[in-house]
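See below for the structure under consideration.
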Amino acid sequence: MSRFHISGGNALHGDVAVKGAKNAALKLMVATLLAPGEHRLDNVPGIIDVEIMRQVLEHVGATTRRENGSLVVDVPESPRPEAPIELVRKMRASILVLGALLARCGEARVALPGGDDFGSRPIDMHLEGLKAFGAQFELVHGELVATAPDGLEGAEVMLEFPSVGATENLILAAVLAKGTSVIGNAAREPELADMASLLNKMGAKIEGAGTSTITVRGVPNLEPAHHRVVPDRLEAGTYAVAAAITGGTVRVVDCIPEHLRMELRKLEATGCEITHGDDWFQVTGPARPSPVDFATLPYPGFHTDMHPQMVALLSVCEGVSVVTENIYAARFRYIGELNRMGADITTDGQHIVVRGVETLSSCPVDGTDIRAGAALVCAALRAEGETVVTEVHHIDRGYTDFVENLASLGADIERIEESD
Ligand code: UD1
């Protein structure tokens with residue numbers, strides 16, 4: 001168990017490079033299961049969730065090894081079609097092995113997922129879609145037992161909501177199914193398009209990834225491939241907020257600003273000066289941000305995983321901002337923590353009213369999920385005094401070298417092990 005000690009007040013300055021996206025790397029790792037042999041993924045972030053997914057892959061019989069920033073995955077001819085509860089509970093993304101193992105083995109036993117605690121997160125759309133492809137499910141002692149007695153067959157599926165995970169699970173199942181599948185109202189996230197790009201390199205026939213209609217023509221088998229993980233837009237966006245809230249100037253490199261268009265636009269509206277090229281952007285924060293309203297929406301809307309960091313910034317704005325959270329029912333546990341630091345924020349769950357205060361002051365706070373933790377760190381960078389952020393194992397799930405990177409930009413931040 002570690003905690004971060006942060007003394008606020010330093011404006012951040014300098015360059016920071018972002019790593020491959022957590023939410024792409026995890027899916028790419030699952031996608032390798034669709035072809036036996038040795039795959040190589042470059043730019044895989046050094047985060048805990050990748051280690052958990054490595055354990056999932058190893059449980060099904062793959063071997064994995066790190067080679068600098070790359071991950072090599074050797075997938076067996078006959079994977080073991082199961083993902084155990086100890087691993088799936090730790091990370092919701094492991095539910096994607098369901099589609100992959102069903103496609104590869106015709107059966108799968110996967111525990112129901114866990115992951116971040118912000119409201120009930122069902123998987124009904126995943127199951128409904130997979131059923132349309134011919135899968136059958138039974139819930140046995142907390143595990144989903146999936147079978148496809150006649151193999152998977154392509155079908156047309158219209159998602160009720162553009163769920164990222166459901167769209168990905170359906171793509172993974174469809175690539176080796178007989179015939180053609182069409183996924184309507186699909187999620188358009190860049191990380192999902194990245195997974196489709198790896199699958200196409202492996203020999204899959206996927207068209208339209210990144211748009212609302214994805215067509216997958218099934219192929220009998222796939223080959224291993226080599227792929228570079230798309231940069232992490234959430235890591236990039238978090239450094240942008242860290243620069244903005246401290247009134248500093250930070251250049252974020254090795255990223256794709258295009259993937260953060262809405263978030264950068266809203267940052268600009270707070271008074272940030274932003275310039276960018278194809279693979280970098282630079283943010284200069286205002287002395288005090290202006291209020292801005294925003295609503296979270298599926299890509300290309302404002303990302304729900306940037307909402308807590310943005311609220312941290314708006315907590316010191318000059319005026320009142322209204323934020324609407326449309327993706328999750330209960331993403332607000334970090335608000336109580338910000339209020340303990342002197343923020344003035346009220347919420348009914350979906351709507352958040354942020355009355356800007358002039359100063360935040362330090363106190364011990366809990367980072368209850370990855371982005372809540374990141375938001376509290378951003379707030380602490382501005383707060384008067386030394387803030388102690390606990391539960392930082394959540395932050396470690398999503399950010400490589402977070403403390404080191406912020407310190408290199410001039411932040412007064414230190415990781416302390418609980419036993420110290
Ligand atoms: C992914 C991201 C997560 C991000 C989210 C939304 C990963 C590992 N995680 O999560 O960081 O916050 O996209 O951009 O990539 N839902 C249902 N039924 C379903 C599936 C989803 O009701 O079958 C609901 C969820 O409870 C949630 C909403 O749909 O309220 C969005 O979920 P989804 O897009 O599926 O997110 P994830 O893929 O879980």
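Going through the structure tokens in order, the chains are called A, B, and so on, while each chain numbers its residues from 1 and the ligands are numbered from 1 in the order shown.
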
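For ligand 1, the neighbouring polymer residues at 6 Å or closer are Asn23, Ala93, Ser120, Arg121, Pro122, Ile123, Asp124, Met125, His126, Ser163, Val164, Gly165, Ala166, Thr304, Asp305, Ile327 and Tyr328 of chain A, only C-alpha atoms and all ligand atoms being used.
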
Subject >> Distance query segment 134-149 of chain A at most 7 Å, only C-alpha atoms, self and fewer than 2 positions along chain excluded, as a list of chain:residue names >> reply: A:Leu102, A:Gly106, A:Glu107, A:Ala108, A:Arg109, A:Val110, A:Ala111, A:Leu112, A:Leu130, A:Lys131, A:Ala132, A:Gly151, A:Leu152, A:Glu153

Using C-alpha atoms, can you export the residues from the last selection as a PDB file, in the first residue's frame?
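Contents of the output file selection.pdb:
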```pdb
ATOM      1  CA  LEU A 102     -16.033 -18.505 -27.438  1.00  0.00           C
ATOM      2  CA  GLY A 106     -16.578 -22.750 -28.843  1.00  0.00           C
ATOM      3  CA  GLU A 107     -16.958 -22.487 -25.059  1.00  0.00           C
ATOM      4  CA  ALA A 108     -15.878 -20.305 -22.145  1.00  0.00           C
ATOM      5  CA  ARG A 109     -16.232 -20.110 -18.359  1.00  0.00           C
ATOM      6  CA  VAL A 110     -15.774 -16.538 -17.194  1.00  0.00           C
ATOM      7  CA  ALA A 111     -16.549 -15.073 -13.772  1.00  0.00           C
ATOM      8  CA  LEU A 112     -18.772 -11.985 -13.717  1.00  0.00           C
ATOM      9  CA  LEU A 130     -23.307 -12.961 -28.370  1.00  0.00           C
ATOM     10  CA  LYS A 131     -26.635 -14.843 -28.191  1.00  0.00           C
ATOM     11  CA  ALA A 132     -27.520 -13.428 -31.619  1.00  0.00           C
ATOM     12  CA  GLY A 151     -20.367 -22.685 -33.646  1.00  0.00           C
ATOM     13  CA  LEU A 152     -20.787 -18.910 -33.896  1.00  0.00           C
ATOM     14  CA  GLU A 153     -22.616 -17.507 -36.893  1.00  0.00           C
TER      15      GLU A 153
END
```

Original post:
To one decimal place, how far is atom CA of Ala155 of chain A from atom CA of Glu168 of chain A in Å?
Top reply: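 Distance reported for this atom pair: 15.1 Å.
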
**OP:** Would you list the contacts of segment 358-372 of chain A as a ChimeraX atom specification, taking every protein, DNA or RNA residue within 9 Å and counting only C-alpha atoms, but skipping same-chain residues closer than 3 positions in sequence?
**Re:** /A:6-8,116-118,238,288,305-309,315-318,331-335,337-343,375-377,379-380,382-399

**OP:** List the neighbours of Leu87 of chain A out to 8 Å using only C-alpha atoms; skip same-chain residues closer than 4 positions along the sequence, and give me the result as a list of chain:residue names.
**Re:**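 The contact residues come out as A:Ile52, A:Gln55, A:Val56, A:Ala83, A:Met91, A:Ser94.
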
Print the selection's residues with N, CA and C atoms to a file, as a PDB file, in the first residue's frame.
```pdb
ATOM      1  N   ILE A  52      -2.358  -7.774 -14.575  1.00  0.00           N
ATOM      2  CA  ILE A  52      -3.513  -8.649 -14.306  1.00  0.00           C
ATOM      3  C   ILE A  52      -3.917  -9.365 -15.601  1.00  0.00           C
ATOM      4  N   GLN A  55      -1.774 -12.198 -16.376  1.00  0.00           N
ATOM      5  CA  GLN A  55      -2.125 -13.403 -15.597  1.00  0.00           C
ATOM      6  C   GLN A  55      -3.328 -14.111 -16.215  1.00  0.00           C
ATOM      7  N   VAL A  56      -4.275 -13.326 -16.755  1.00  0.00           N
ATOM      8  CA  VAL A  56      -5.438 -13.942 -17.412  1.00  0.00           C
ATOM      9  C   VAL A  56      -4.957 -14.756 -18.625  1.00  0.00           C
ATOM     10  N   ALA A  83     -11.610 -18.016 -17.428  1.00  0.00           N
ATOM     11  CA  ALA A  83     -10.956 -16.906 -16.732  1.00  0.00           C
ATOM     12  C   ALA A  83     -11.444 -16.939 -15.290  1.00  0.00           C
ATOM     13  N   MET A  91     -10.595  -6.785 -12.479  1.00  0.00           N
ATOM     14  CA  MET A  91     -10.539  -5.938 -13.671  1.00  0.00           C
ATOM     15  C   MET A  91     -11.660  -6.273 -14.649  1.00  0.00           C
ATOM     16  N   SER A  94     -11.512  -7.932 -18.261  1.00  0.00           N
ATOM     17  CA  SER A  94     -11.312  -9.359 -18.528  1.00  0.00           C
ATOM     18  C   SER A  94     -12.562 -10.025 -19.093  1.00  0.00           C
TER      19      SER A  94
END
```

If you count only C-alpha atoms, which residues fall within 6 Å of Ser321 of chain A, apart from same-chain ones fewer than 4 positions away, as a PDB file with N, CA, C and O atoms, in the first residue's frame?
```pdb
ATOM      1  N   PRO A 291     -15.517  29.489 -15.713  1.00  0.00           N
ATOM      2  CA  PRO A 291     -16.450  28.353 -15.606  1.00  0.00           C
ATOM      3  C   PRO A 291     -16.806  27.795 -16.985  1.00  0.00           C
ATOM      4  O   PRO A 291     -16.811  28.530 -17.972  1.00  0.00           O
ATOM      5  N   VAL A 292     -17.074  26.501 -17.036  1.00  0.00           N
ATOM      6  CA  VAL A 292     -17.430  25.836 -18.287  1.00  0.00           C
ATOM      7  C   VAL A 292     -18.439  24.732 -17.969  1.00  0.00           C
ATOM      8  O   VAL A 292     -18.259  24.008 -16.992  1.00  0.00           O
ATOM      9  N   ASP A 293     -19.469  24.604 -18.778  1.00  0.00           N
ATOM     10  CA  ASP A 293     -20.402  23.477 -18.623  1.00  0.00           C
ATOM     11  C   ASP A 293     -20.005  22.393 -19.603  1.00  0.00           C
ATOM     12  O   ASP A 293     -19.557  22.690 -20.711  1.00  0.00           O
ATOM     13  N   VAL A 353     -23.007  20.542  -9.738  1.00  0.00           N
ATOM     14  CA  VAL A 353     -22.881  21.999  -9.760  1.00  0.00           C
ATOM     15  C   VAL A 353     -21.599  22.369  -9.009  1.00  0.00           C
ATOM     16  O   VAL A 353     -21.437  22.023  -7.836  1.00  0.00           O
ATOM     17  N   VAL A 354     -20.692  23.019  -9.730  1.00  0.00           N
ATOM     18  CA  VAL A 354     -19.386  23.354  -9.157  1.00  0.00           C
ATOM     19  C   VAL A 354     -19.335  24.865  -8.968  1.00  0.00           C
ATOM     20  O   VAL A 354     -19.303  25.614  -9.951  1.00  0.00           O
TER      21      VAL A 354
END
```

**OP:** Using DSSP on the backbone coordinates, identify all residues within segment 347-408 of chain A classified as alpha helix (DSSP H); present the result as a PyMOL selection string.
**Re:** chain A and resi 370-382+393-396+402-408

**OP:** Please provide the set of residues having any atom within 9 Å of Leu199 of chain A, restricted to only C-alpha atoms, with same-chain residues fewer than 2 positions apart removed, written as a ChimeraX atom specification.
**Re:** /A:28,31-32,34,172,175,194-197,201-206,222,225
